[in-house]
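Raw contents of work_0.tsv, TSV, C-alpha atoms and all ligand atoms:
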```tsv
chain	number	residue	atom	x	y	z
A	153	MET	CA	220.17	186.05	250.68
A	154	LYS	CA	219.47	188.09	247.61
A	155	ASP	CA	216.90	186.63	245.35
A	156	ILE	CA	214.68	189.55	246.20
A	157	PHE	CA	215.49	193.21	245.83
A	158	ASP	CA	215.85	195.50	248.84
A	159	ARG	CA	213.68	194.48	251.84
A	160	GLU	CA	216.72	194.12	254.15
A	161	LYS	CA	214.75	195.37	257.11
A	162	GLU	CA	211.79	193.06	256.51
A	163	ILE	CA	214.09	190.08	255.90
A	164	ASN	CA	215.89	190.68	259.19
A	165	VAL	CA	212.71	191.10	261.20
A	166	LEU	CA	211.26	187.94	259.68
A	167	ARG	CA	214.42	185.92	260.29
A	168	ASN	CA	214.52	187.05	263.88
A	169	SER	CA	210.85	186.36	264.43
A	170	LEU	CA	210.88	182.74	263.32
A	171	ASP	CA	211.06	181.57	266.93
A	172	SER	CA	207.98	183.62	267.85
A	173	PRO	CA	204.73	181.69	267.73
A	174	LEU	CA	203.10	184.08	265.26
A	175	THR	CA	204.30	186.55	262.66
A	176	VAL	CA	201.78	188.56	260.66
A	177	ILE	CA	202.85	189.98	257.30
A	178	LEU	CA	200.64	192.63	255.81
A	179	GLY	CA	200.88	194.34	252.45
A	180	LEU	CA	198.75	195.32	249.49
A	181	ARG	CA	198.29	193.09	246.47
A	182	ARG	CA	201.58	192.36	244.67
A	183	THR	CA	203.86	194.15	247.13
A	184	GLY	CA	205.91	190.98	247.66
A	185	LYS	CA	204.59	189.21	250.76
A	186	THR	CA	204.82	185.71	249.30
A	187	SER	CA	208.26	186.37	247.80
A	188	LEU	CA	209.52	187.64	251.14
A	189	VAL	CA	208.29	184.60	253.06
A	190	LYS	CA	209.49	182.04	250.52
A	191	SER	CA	212.83	183.72	250.06
A	192	VAL	CA	213.58	183.79	253.79
A	193	LEU	CA	212.32	180.26	254.46
A	194	ASN	CA	214.12	178.75	251.48
A	195	ASN	CA	217.36	180.53	252.25
A	196	ILE	CA	217.54	179.21	255.77
A	197	ARG	CA	216.27	175.81	254.58
A	198	ALA	CA	213.39	175.94	257.01
A	199	THR	CA	210.90	173.10	257.20
A	200	TYR	CA	207.61	174.68	256.34
A	201	VAL	CA	204.08	173.89	255.27
A	202	PHE	CA	202.82	176.54	252.87
A	203	LEU	CA	199.03	176.88	252.69
A	204	ASP	CA	197.98	179.08	249.81
A	205	MET	CA	194.55	180.43	250.68
A	206	ARG	CA	194.36	182.62	247.60
A	207	ARG	CA	193.02	179.60	245.75
A	208	PHE	CA	189.72	180.23	247.59
A	209	GLU	CA	189.51	183.81	246.35
A	210	ASN	CA	186.59	183.19	244.01
A	211	LYS	CA	184.60	181.04	246.39
A	212	GLU	CA	181.71	182.55	248.26
A	213	TYR	CA	182.48	180.45	251.29
A	214	ILE	CA	184.82	177.63	252.32
A	215	VAL	CA	184.19	174.56	254.45
A	216	TYR	CA	186.69	172.66	256.57
A	217	LYS	CA	187.01	170.00	253.88
A	218	ASP	CA	188.44	172.62	251.48
A	219	PHE	CA	190.99	173.74	254.03
A	220	LEU	CA	191.85	170.19	254.98
A	221	SER	CA	192.52	169.15	251.40
A	222	VAL	CA	195.10	171.94	251.02
A	223	LEU	CA	196.64	170.97	254.35
A	224	GLU	CA	196.73	167.30	253.32
A	225	ARG	CA	198.54	168.05	250.08
A	226	GLU	CA	201.13	170.26	251.72
A	227	VAL	CA	201.73	167.96	254.68
A	228	ASN	CA	202.26	165.18	252.16
A	229	SER	CA	204.89	167.21	250.41
A	230	ILE	CA	206.96	167.24	253.61
A	231	THR	CA	206.25	163.66	254.72
A	232	ARG	CA	207.72	162.55	251.39
A	233	LYS	CA	210.79	164.63	252.11
A	234	TYR	CA	211.49	163.61	255.70
A	235	LYS	CA	211.75	159.93	256.43
A	236	GLY	CA	210.04	158.95	259.65
A	237	LEU	CA	207.70	161.93	259.77
A	238	VAL	CA	204.76	159.90	258.54
A	239	ASP	CA	204.97	157.68	261.66
A	240	TYR	CA	204.05	160.64	263.85
A	241	PHE	CA	200.59	160.64	262.29
A	242	LYS	CA	199.87	157.00	263.17
A	243	THR	CA	197.78	157.92	266.20
A	244	VAL	CA	195.96	160.87	264.67
A	245	LYS	CA	192.22	160.44	264.29
A	246	GLY	CA	190.94	160.23	260.73
A	247	VAL	CA	194.31	159.76	259.04
A	248	ASN	CA	194.75	156.98	256.48
A	249	PHE	CA	198.05	155.80	255.06
A	250	ALA	CA	199.31	154.65	251.70
A	251	GLY	CA	203.08	154.32	251.84
A	252	LEU	CA	204.53	157.73	252.61
A	253	SER	CA	201.26	159.47	251.81
A	254	LEU	CA	198.58	160.48	254.23
A	255	SER	CA	194.96	161.21	253.65
A	256	PHE	CA	192.82	163.21	256.05
A	257	SER	CA	189.13	162.56	256.68
A	258	TRP	CA	186.40	165.10	257.08
A	259	GLY	CA	183.49	162.84	257.90
A	260	LYS	CA	182.44	161.85	261.39
A	261	GLU	CA	186.02	160.85	262.26
A	262	ARG	CA	187.44	164.05	260.91
A	263	THR	CA	191.12	164.93	261.23
A	264	GLU	CA	191.54	167.86	263.59
A	265	LEU	CA	193.97	170.61	262.73
A	266	SER	CA	195.28	170.70	266.31
A	267	ASP	CA	196.22	166.99	266.09
A	268	VAL	CA	198.08	167.54	262.82
A	269	LEU	CA	199.95	170.43	264.40
A	270	SER	CA	200.79	168.35	267.49
A	271	SER	CA	202.24	165.59	265.30
A	272	LEU	CA	204.38	168.03	263.35
A	273	ASN	CA	205.55	169.58	266.61
A	274	GLU	CA	206.39	166.24	268.15
A	275	TRP	CA	208.43	165.24	265.11
A	276	ALA	CA	210.21	168.61	265.16
A	277	GLU	CA	210.96	168.25	268.86
A	278	ASP	CA	212.42	164.77	268.43
A	279	ASN	CA	214.57	165.96	265.53
A	280	GLY	CA	215.75	169.23	267.02
A	281	ASN	CA	213.90	171.04	264.30
A	282	ASN	CA	211.18	173.67	263.88
A	283	VAL	CA	208.19	173.56	261.60
A	284	ILE	CA	206.63	176.74	260.26
A	285	LEU	CA	203.06	176.81	259.07
A	286	VAL	CA	202.38	179.57	256.56
A	287	LEU	CA	198.82	180.74	255.99
A	288	ASP	CA	199.23	182.81	252.85
A	289	GLU	CA	196.45	185.35	252.18
A	290	ALA	CA	194.65	184.39	255.33
A	291	GLN	CA	191.78	186.85	254.86
A	292	GLU	CA	190.20	184.17	252.66
A	293	LEU	CA	189.75	182.11	255.84
A	294	ILE	CA	187.20	184.63	257.08
A	295	LYS	CA	184.91	182.76	254.67
A	296	LEU	CA	185.50	179.42	256.44
A	297	LYS	CA	182.13	178.19	257.73
A	298	GLY	CA	181.48	175.68	260.48
A	299	TYR	CA	185.06	175.39	261.74
A	300	ASP	CA	187.26	177.75	263.67
A	301	ILE	CA	190.97	177.36	263.21
A	302	LEU	CA	191.91	180.03	265.76
A	303	PRO	CA	191.75	177.67	268.76
A	304	SER	CA	194.41	175.55	267.03
A	305	ILE	CA	196.62	178.60	266.58
A	306	ALA	CA	196.08	179.51	270.25
A	307	TYR	CA	196.87	175.92	271.24
A	308	THR	CA	200.12	176.17	269.30
A	309	PHE	CA	200.93	179.40	271.14
A	310	ASP	CA	200.50	177.70	274.50
A	311	ASN	CA	201.80	174.20	273.94
A	312	LEU	CA	203.76	173.64	270.77
A	313	ARG	CA	207.21	175.12	271.18
A	314	ASN	CA	208.61	173.76	267.91
A	315	LEU	CA	205.87	175.03	265.67
A	316	SER	CA	205.16	178.57	264.59
A	317	PHE	CA	202.83	180.42	262.26
A	318	ILE	CA	203.39	182.99	259.57
A	319	VAL	CA	200.16	184.60	258.44
A	320	THR	CA	200.12	186.91	255.42
A	321	GLY	CA	197.29	189.09	254.24
A	322	SER	CA	196.63	191.81	251.72
A	323	GLU	CA	193.83	193.32	253.76
A	324	ILE	CA	193.90	194.93	257.18
A	325	ARG	CA	190.89	192.86	258.16
A	326	VAL	CA	193.10	189.80	258.39
A	327	LYS	CA	193.84	191.19	261.86
A	328	SER	CA	190.45	192.54	262.82
A	329	LYS	CA	188.22	189.82	261.33
A	330	PHE	CA	190.40	186.73	261.17
A	331	LEU	CA	192.98	186.83	263.97
A	332	ARG	CA	190.91	189.23	266.13
A	333	PHE	CA	193.64	190.05	268.64
A	334	ASP	CA	191.53	192.88	270.06
A	335	ASN	CA	188.38	190.86	270.57
A	336	GLU	CA	187.92	189.52	274.08
A	337	ASN	CA	186.08	186.50	272.72
A	338	SER	CA	188.86	185.57	270.35
A	339	PRO	CA	191.16	182.67	271.27
A	340	LEU	CA	194.04	184.95	270.27
A	341	TYR	CA	192.92	187.91	272.38
A	342	GLY	CA	195.87	189.86	273.71
A	343	ARG	CA	198.55	187.52	272.29
A	344	ALA	CA	201.89	189.02	271.36
A	345	TYR	CA	202.89	188.69	267.74
A	346	VAL	CA	205.39	190.20	265.35
A	347	GLU	CA	203.99	192.37	262.57
A	348	ILE	CA	205.80	193.12	259.34
A	349	ASN	CA	204.44	195.57	256.81
A	350	VAL	CA	205.49	195.08	253.22
A	351	ASN	CA	204.96	198.47	251.61
A	352	PRO	CA	205.39	199.58	248.01
A	353	PHE	CA	208.92	200.77	247.19
A	354	ASP	CA	209.64	204.47	247.55
A	355	LYS	CA	210.63	206.46	244.46
A	356	ASP	CA	214.35	205.94	244.80
A	357	THR	CA	214.08	202.20	245.41
A	358	SER	CA	211.60	201.78	242.54
A	359	ILE	CA	213.98	203.47	240.13
A	360	LYS	CA	216.91	201.36	241.30
A	361	PHE	CA	214.78	198.22	241.12
A	362	LEU	CA	213.83	198.91	237.50
A	363	GLU	CA	217.32	199.94	236.46
A	364	LYS	CA	218.94	196.92	238.05
A	365	GLY	CA	216.41	194.57	236.46
A	366	PHE	CA	217.09	196.02	233.02
A	367	GLU	CA	220.82	196.10	233.59
A	368	GLU	CA	220.78	192.38	234.31
A	369	GLN	CA	219.26	191.91	230.88
A	370	GLY	CA	221.88	194.13	229.28
A	371	ILE	CA	219.42	196.94	228.64
A	372	LYS	CA	220.08	200.56	229.47
A	373	PHE	CA	216.79	201.97	230.62
A	374	SER	CA	216.40	205.69	231.17
A	375	ARG	CA	212.67	206.04	231.81
A	376	ALA	CA	212.49	204.54	235.29
A	377	GLU	CA	211.34	207.77	236.91
A	378	GLU	CA	208.56	208.16	234.37
A	379	VAL	CA	207.43	204.60	235.04
A	380	TYR	CA	207.36	205.25	238.78
A	381	GLU	CA	205.27	208.41	238.28
A	382	GLU	CA	202.66	206.39	236.38
A	383	LEU	CA	202.63	203.11	238.29
A	384	GLY	CA	203.81	203.98	241.78
A	385	GLY	CA	206.17	201.70	243.68
A	386	ASN	CA	204.29	198.41	243.73
A	387	PRO	CA	206.98	195.77	242.99
A	388	GLY	CA	204.39	193.60	241.25
A	389	TRP	CA	203.49	196.28	238.69
A	390	LEU	CA	207.14	197.24	238.19
A	391	THR	CA	208.13	193.60	237.66
A	392	TYR	CA	205.32	193.14	235.18
A	393	TYR	CA	206.38	196.29	233.32
A	394	GLY	CA	209.97	195.06	233.10
A	395	TYR	CA	208.89	191.62	231.99
A	396	VAL	CA	206.67	192.88	229.18
A	397	TYR	CA	209.22	195.49	228.09
A	398	ILE	CA	211.91	192.86	227.73
A	399	LYS	CA	209.65	190.38	225.95
A	400	LYS	CA	207.99	192.62	223.38
A	401	ARG	CA	209.40	196.07	223.24
A	402	ASP	CA	207.22	197.09	220.34
A	403	THR	CA	203.87	197.08	222.14
A	404	ASP	CA	202.69	199.77	224.50
A	405	VAL	CA	204.19	198.42	227.69
A	406	MET	CA	202.75	201.03	230.04
A	407	GLU	CA	199.22	200.50	228.73
A	408	GLY	CA	199.61	196.74	229.08
A	409	THR	CA	200.89	197.01	232.64
A	410	LYS	CA	198.08	199.32	233.65
A	411	LYS	CA	195.57	197.00	232.08
A	412	TYR	CA	196.99	194.11	234.09
A	413	ALA	CA	197.05	196.06	237.35
A	414	LYS	CA	193.57	197.47	236.76
A	415	LYS	CA	192.17	194.03	236.09
A	416	LEU	CA	193.62	192.65	239.29
A	417	LEU	CA	192.47	195.57	241.43
A	418	SER	CA	189.03	195.62	239.78
A	419	THR	CA	188.58	191.97	240.70
A	420	GLU	CA	189.56	192.80	244.27
A	421	PHE	CA	187.13	195.69	244.31
A	422	CYS	CA	184.28	193.60	242.89
A	423	ASN	CA	184.95	190.84	245.43
A	424	PHE	CA	184.79	193.49	248.14
A	425	LEU	CA	181.41	194.68	246.87
A	426	ILE	CA	179.97	191.22	246.32
A	427	GLU	CA	181.25	189.70	249.57
A	428	GLY	CA	179.80	192.48	251.67
A	429	ASN	CA	176.51	192.81	249.71
A	430	ARG	CA	177.58	196.26	248.63
A	431	LEU	CA	176.98	196.03	244.89
A	432	GLN	CA	174.12	198.51	245.07
A	433	SER	CA	176.55	201.03	246.60
A	434	LYS	CA	179.16	200.62	243.87
A	435	GLU	CA	178.87	204.22	242.63
A	436	ARG	CA	179.30	205.57	246.15
A	437	TYR	CA	182.47	203.59	246.72
A	438	LEU	CA	183.87	204.56	243.33
A	439	LYS	CA	183.08	208.20	244.08
A	440	VAL	CA	185.13	207.98	247.27
A	441	LEU	CA	188.10	206.52	245.38
A	442	GLU	CA	187.82	209.24	242.75
A	443	THR	CA	187.60	211.98	245.39
A	444	CYS	CA	190.66	210.66	247.19
A	445	LYS	CA	192.94	210.24	244.21
A	446	PHE	CA	195.25	212.98	245.49
A	447	GLY	CA	194.27	212.71	249.14
A	448	CYS	CA	191.02	213.86	250.71
A	449	SER	CA	189.39	214.78	254.00
A	450	TRP	CA	186.18	213.53	255.60
A	451	LYS	CA	184.50	216.76	254.46
A	452	ASP	CA	185.68	216.33	250.85
A	453	ILE	CA	184.13	212.87	250.75
A	454	LYS	CA	180.90	214.00	252.34
A	455	ASN	CA	180.55	216.84	249.83
A	456	ALA	CA	181.34	214.55	246.89
A	457	LEU	CA	178.79	211.92	247.95
A	458	GLU	CA	176.12	214.53	248.62
A	459	ALA	CA	176.71	216.00	245.18
A	460	LEU	CA	176.48	212.51	243.65
A	461	GLU	CA	173.19	211.70	245.34
A	462	GLY	CA	171.66	215.14	245.65
A	463	ARG	CA	170.83	214.60	249.31
A	464	GLU	CA	172.43	214.66	252.69
A	465	ILE	CA	174.63	211.71	253.68
A	466	ASN	CA	174.63	211.09	257.41
A	467	ASP	CA	177.84	210.62	259.35
A	468	ASP	CA	177.14	206.99	260.26
A	469	THR	CA	176.79	206.05	256.61
A	470	LEU	CA	179.98	207.89	255.74
A	471	TYR	CA	181.80	206.25	258.62
A	472	THR	CA	180.74	202.78	257.41
A	473	ILE	CA	181.87	203.47	253.85
A	474	LEU	CA	185.28	204.70	254.96
A	475	HIS	CA	185.68	201.97	257.53
A	476	ASN	CA	185.00	199.33	254.87
A	477	LEU	CA	187.47	200.84	252.42
A	478	LEU	CA	190.15	201.01	255.13
A	479	GLU	CA	189.47	197.44	256.32
A	480	TYR	CA	189.92	196.07	252.83
A	481	SER	CA	192.99	198.26	252.32
A	482	PHE	CA	191.73	200.29	249.39
A	483	LEU	CA	192.34	203.46	251.39
A	484	ILE	CA	195.07	204.45	253.81
A	485	LYS	CA	194.55	207.04	256.52
A	486	GLU	CA	197.37	209.39	257.47
A	487	ASN	CA	197.03	212.45	259.67
A	488	ARG	CA	193.25	212.51	259.31
A	489	LYS	CA	193.49	212.41	255.53
A	490	TYR	CA	192.63	209.54	253.25
A	491	PHE	CA	194.77	208.34	250.33
A	492	LEU	CA	194.43	205.64	247.69
A	493	ALA	CA	196.45	202.62	248.71
A	494	ASP	CA	197.59	202.16	245.11
A	495	PRO	CA	197.64	204.90	242.44
A	496	ILE	CA	196.12	202.49	239.90
A	497	LEU	CA	192.89	202.56	241.92
A	498	LYS	CA	192.09	205.93	240.43
A	499	GLU	CA	191.71	204.21	237.07
A	500	ILE	CA	189.08	201.61	237.87
A	501	SER	CA	186.12	204.00	237.67
A	502	ASN	CA	184.40	202.09	234.84
A	503	VAL	CA	184.62	198.72	236.55
A	504	LYS	CA	181.84	196.22	235.79
A	505	CYS	CA	181.16	193.60	238.46
B	601	LIG	N1	211.55	192.55	246.70
B	601	LIG	C1	211.30	192.06	245.49
B	601	LIG	N2	212.29	191.80	244.62
B	601	LIG	C2	212.05	191.30	243.40
B	601	LIG	N3	210.83	191.01	242.93
B	601	LIG	C3	209.78	191.23	243.75
B	601	LIG	C4	209.96	191.76	245.06
B	601	LIG	N4	208.75	191.87	245.65
B	601	LIG	C5	207.87	191.45	244.74
B	601	LIG	N5	208.47	191.06	243.61
B	601	LIG	C6	207.81	190.53	242.40
B	601	LIG	O1	206.52	191.11	242.35
B	601	LIG	C7	205.53	190.13	242.06
B	601	LIG	C8	204.54	190.04	243.21
B	601	LIG	O2	205.20	189.49	244.34
B	601	LIG	P1	204.48	188.49	245.35
B	601	LIG	O3	203.69	187.48	244.62
B	601	LIG	O4	205.49	188.05	246.31
B	601	LIG	O5	203.53	189.54	246.05
B	601	LIG	P2	202.29	189.29	247.00
B	601	LIG	O6	202.24	190.47	247.90
B	601	LIG	O7	202.37	187.96	247.63
B	601	LIG	O8	201.14	189.35	245.92
B	601	LIG	P3	199.65	188.81	246.01
B	601	LIG	O9	198.90	189.88	246.74
B	601	LIG	O10	199.23	188.69	244.58
B	601	LIG	O11	199.68	187.50	246.74
B	601	LIG	C9	206.27	188.84	241.80
B	601	LIG	O12	206.48	188.71	240.42
B	601	LIG	C10	207.60	189.03	242.51
B	601	LIG	O13	208.61	188.31	241.90
B	602	MG	MG	201.04	186.42	247.67
```

Let me see whether you can do it: turn the structure in this file into structure tokens.
Ligand SMILES: Nc1ncnc2c1ncn2[C@@H]1O[C@H](COP(=O)(O)OP(=O)(O)OP(=O)(O)O)[C@@H](O)[C@H]1O
Ligand SMILES: [Mg+2]
Amino acid sequence: MKDIFDREKEINVLRNSLDSPLTVILGLRRTGKTSLVKSVLNNIRATYVFLDMRRFENKEYIVYKDFLSVLEREVNSITRKYKGLVDYFKTVKGVNFAGLSLSFSWGKERTELSDVLSSLNEWAEDNGNNVILVLDEAQELIKLKGYDILPSIAYTFDNLRNLSFIVTGSEIRVKSKFLRFDNENSPLYGRAYVEINVNPFDKDTSIKFLEKGFEEQGIKFSRAEEVYEELGGNPGWLTYYGYVYIKKRDTDVMEGTKKYAKKLLSTEFCNFLIEGNRLQSKERYLKVLETCKFGCSWKDIKNALEALEGREINDDTLYTILHNLLEYSFLIKENRKYFLADPILKEISNVKC
């Protein structure tokens, strides 16, 4: 199974966890979560329903109808593939049929997620199969209003032996705000799950990744270390660099890659500010990122913010700022120090939201 580079450990853990009811895959933007999931599932020819929640990224909120329309499309893509599957939906409330296609309703007689899952499970059971439901970039579902899909996931845990979930997210809050394993009121409270972290490549792996990519194109590339020093080990940035380099060697490839990465991370940062009503605190948040570009302590941040505002910043305020940046995975905390999750974040200081 080698359509992705490295990641042996993650591939093995994911393969071995496919029987578990829930696997959570966490990693920053462009570290390769989607590639990992698709590569493993395609290689073992798994039957899966892939729900891409990133499509809701620019929406302020989502309603059940939005979710259901994605589910409908993806369920249809497997009912067309497996003869007989469509029959398992005959008794499900709110489902209409046209040949091998299904349509779900969201009116009074709305189609319930748990019923769809039960039908898939029943079909899988009868065919000695397993169905995997992937919720890709599940933090977007925090914006789902008026419908809670967690009870359906909990129901799957308890009752549906032939169905499992893979949930990916590029923000830590996918666990604390969406799945809420630690919250006593959450349907998933205390459930066991497998967690896989997809981290940026280390220096050695990044260099090998770049060199191998170029080698496959018949290019001898000697600046891999330099590229790593500038971009860090995010596979998405490295891939983009390689792609642009091969396509148009004459332009400034590094500048172009940084521009691309900065644009993507700036959008993430603006969404973070807008979603949490934090736009008025933009300068504060940017100051924290700037202060932490080579690592920083609580005291460093406090001093920097006090210098910015010319007044004392109380500890509660500072705690909230840091908590928010950690939740959205802009910062990482190690040994009581804070670091930028991606080196490109130090370059978004002039972001306009
Ligand atoms: N292990 C890998 N081997 C080869 N290419 C990779 C690997 N990981 C990531 N990539 C490449 O990096 C880019 C980003 O990967 P992918 O879309 O899987 O990341 P992601 O974490 O799902 O990103 P996003 O946060 O945008 O959803 C893709 O072009 C992908 O092909
Ligand atoms: Mg992805």

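Residues in contact with ligand LIG 601 (chain B) comprise Asp155, Ile156, Phe157, Asp158, Arg159, Gly179, Leu180, Arg181, Arg182, Thr183, Gly184, Lys185, Thr186, Ser187, Leu188, Glu289, Ser322, Pro387, Gly388, Thr391 and Tyr392 of chain A, where contact means an atom-to-atom distance of at most 7 Å counting all atoms listed in the file.
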
Practice prompt. Find the spatial neighbours of Glu461 (chain A), counting only C-alpha atoms, within a cut-off of 12 Å - ignore same-chain residues fewer than 6 positions away - and output them as a ChimeraX atom specification.
Written response: /A:433,435-436,439,454-455

Worksheet entry | Sphere at (178.6, 201.4, 236.4), radius 12 Å, counting all atoms listed in the file: residues as a PyMOL selection string | chain A and resi 422+431-439+500-505

Discussion item. With distances taken over all atoms listed in the file, which residue among A:Asn279, A:Thr469, A:Asn423, A:Asn487 lies nearest Ser449 (chain A)?
Written reply: A:Asn487

Could you build a table of the residues in region 299-396 of chain A lying no more than 12 Å from region 205-210 of chain A, giving for each the nearest pair of atoms and their separation in Å rounded to one decimal place, using only C-alpha atoms, ordered by chain and ascending residue number, as CSV?
```
residue,atom,partner,partner_atom,distance
A:Val319,CA,A:Met205,CA,10.4
A:Thr320,CA,A:Met205,CA,9.8
A:Gly321,CA,A:Arg206,CA,9.7
A:Ser322,CA,A:Arg206,CA,10.3
```

Practice prompt. Find the residues around Ile484 (chain A) up to 6 Å (only C-alpha atoms counted), leave out those fewer than 5 positions away in its own chain, and share them as an NGL selection string.
Written response: :A and (490-491 or 493)

Practice prompt. In the coordinate frame of the file, compute which residues have an atom within 9 Å of (217.6, 197.7, 235.3) when using only C-alpha atoms, and state them as a PyMOL selection string.
Written response: chain A and resi 359-373+376+394

Worksheet entry | Exercise: Val268 (chain A) partners within 12 Å, all atoms listed in the file, chain neighbours under 3 positions left out, as a PyMOL selection string | chain A and resi 201+220+223-224+226-228+237-238+240-247+254-257+262-265+271-275+283+285+304-305+307-308+312+315

Practice prompt. Would you mind telling me which residue in A:Glu407, A:Asp452, A:Glu427, A:Asp171 lies nearest to Lys211 (chain A) when using all atoms listed in the file?
Written response: A:Glu427

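Among the candidate residues A:Val189, A:Val346, A:Ile496, A:Val176, the one lying nearest to ligand MG 602 (chain B) is A:Val189, with distances computed using only C-alpha atoms and all ligand atoms.
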
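Of the residues under consideration (A:Val350, A:Leu331, A:Phe309, A:Gly408), A:Val350 shows the shortest atom-to-atom contact distance to ligand MG 602 (chain B) when counting only C-alpha atoms and all ligand atoms.
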
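Using all atoms listed in the file for every distance, the candidate list A:Glu464, A:Asp204, A:Glu381, A:Asp239 yields A:Asp204 as the residue closest to Val286 (chain A).
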
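Taking CA of Asn349 (chain A) and CA of Leu178 (chain A) as the two end points, the separation is 4.9 Å.
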
Worksheet entry | Best match for closeness to Leu478 (chain A) among A:Asn282, A:Ser328, A:Asn311, A:Thr231, counting only C-alpha atoms | A:Ser328

If you count only C-alpha atoms, which residues fall within 12 Å of Phe330 (chain A), apart from same-chain ones fewer than 6 positions away, as a PDB file with C-alpha atoms, in the frame of the given file?
```
ATOM      1  CA  VAL A 176     201.780 188.560 260.660  1.00  0.00           C
ATOM      2  CA  LEU A 287     198.820 180.740 255.990  1.00  0.00           C
ATOM      3  CA  GLU A 289     196.450 185.350 252.180  1.00  0.00           C
ATOM      4  CA  ALA A 290     194.650 184.390 255.330  1.00  0.00           C
ATOM      5  CA  GLN A 291     191.780 186.850 254.860  1.00  0.00           C
ATOM      6  CA  GLU A 292     190.200 184.170 252.660  1.00  0.00           C
ATOM      7  CA  LEU A 293     189.750 182.110 255.840  1.00  0.00           C
ATOM      8  CA  ILE A 294     187.200 184.630 257.080  1.00  0.00           C
ATOM      9  CA  LYS A 295     184.910 182.760 254.670  1.00  0.00           C
ATOM     10  CA  LEU A 296     185.500 179.420 256.440  1.00  0.00           C
ATOM     11  CA  ASP A 300     187.260 177.750 263.670  1.00  0.00           C
ATOM     12  CA  ILE A 301     190.970 177.360 263.210  1.00  0.00           C
ATOM     13  CA  LEU A 302     191.910 180.030 265.760  1.00  0.00           C
ATOM     14  CA  PRO A 303     191.750 177.670 268.760  1.00  0.00           C
ATOM     15  CA  ILE A 305     196.620 178.600 266.580  1.00  0.00           C
ATOM     16  CA  VAL A 319     200.160 184.600 258.440  1.00  0.00           C
ATOM     17  CA  THR A 320     200.120 186.910 255.420  1.00  0.00           C
ATOM     18  CA  GLY A 321     197.290 189.090 254.240  1.00  0.00           C
ATOM     19  CA  GLU A 323     193.830 193.320 253.760  1.00  0.00           C
ATOM     20  CA  ILE A 324     193.900 194.930 257.180  1.00  0.00           C
ATOM     21  CA  SER A 338     188.860 185.570 270.350  1.00  0.00           C
ATOM     22  CA  PRO A 339     191.160 182.670 271.270  1.00  0.00           C
ATOM     23  CA  LEU A 340     194.040 184.950 270.270  1.00  0.00           C
ATOM     24  CA  TYR A 341     192.920 187.910 272.380  1.00  0.00           C
ATOM     25  CA  GLU A 479     189.470 197.440 256.320  1.00  0.00           C
TER      26      GLU A 479
END
```

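Atom pair CA of Asn314 (chain A) / CA of Glu277 (chain A) has a distance of 6.1 Å (rounded to one decimal).
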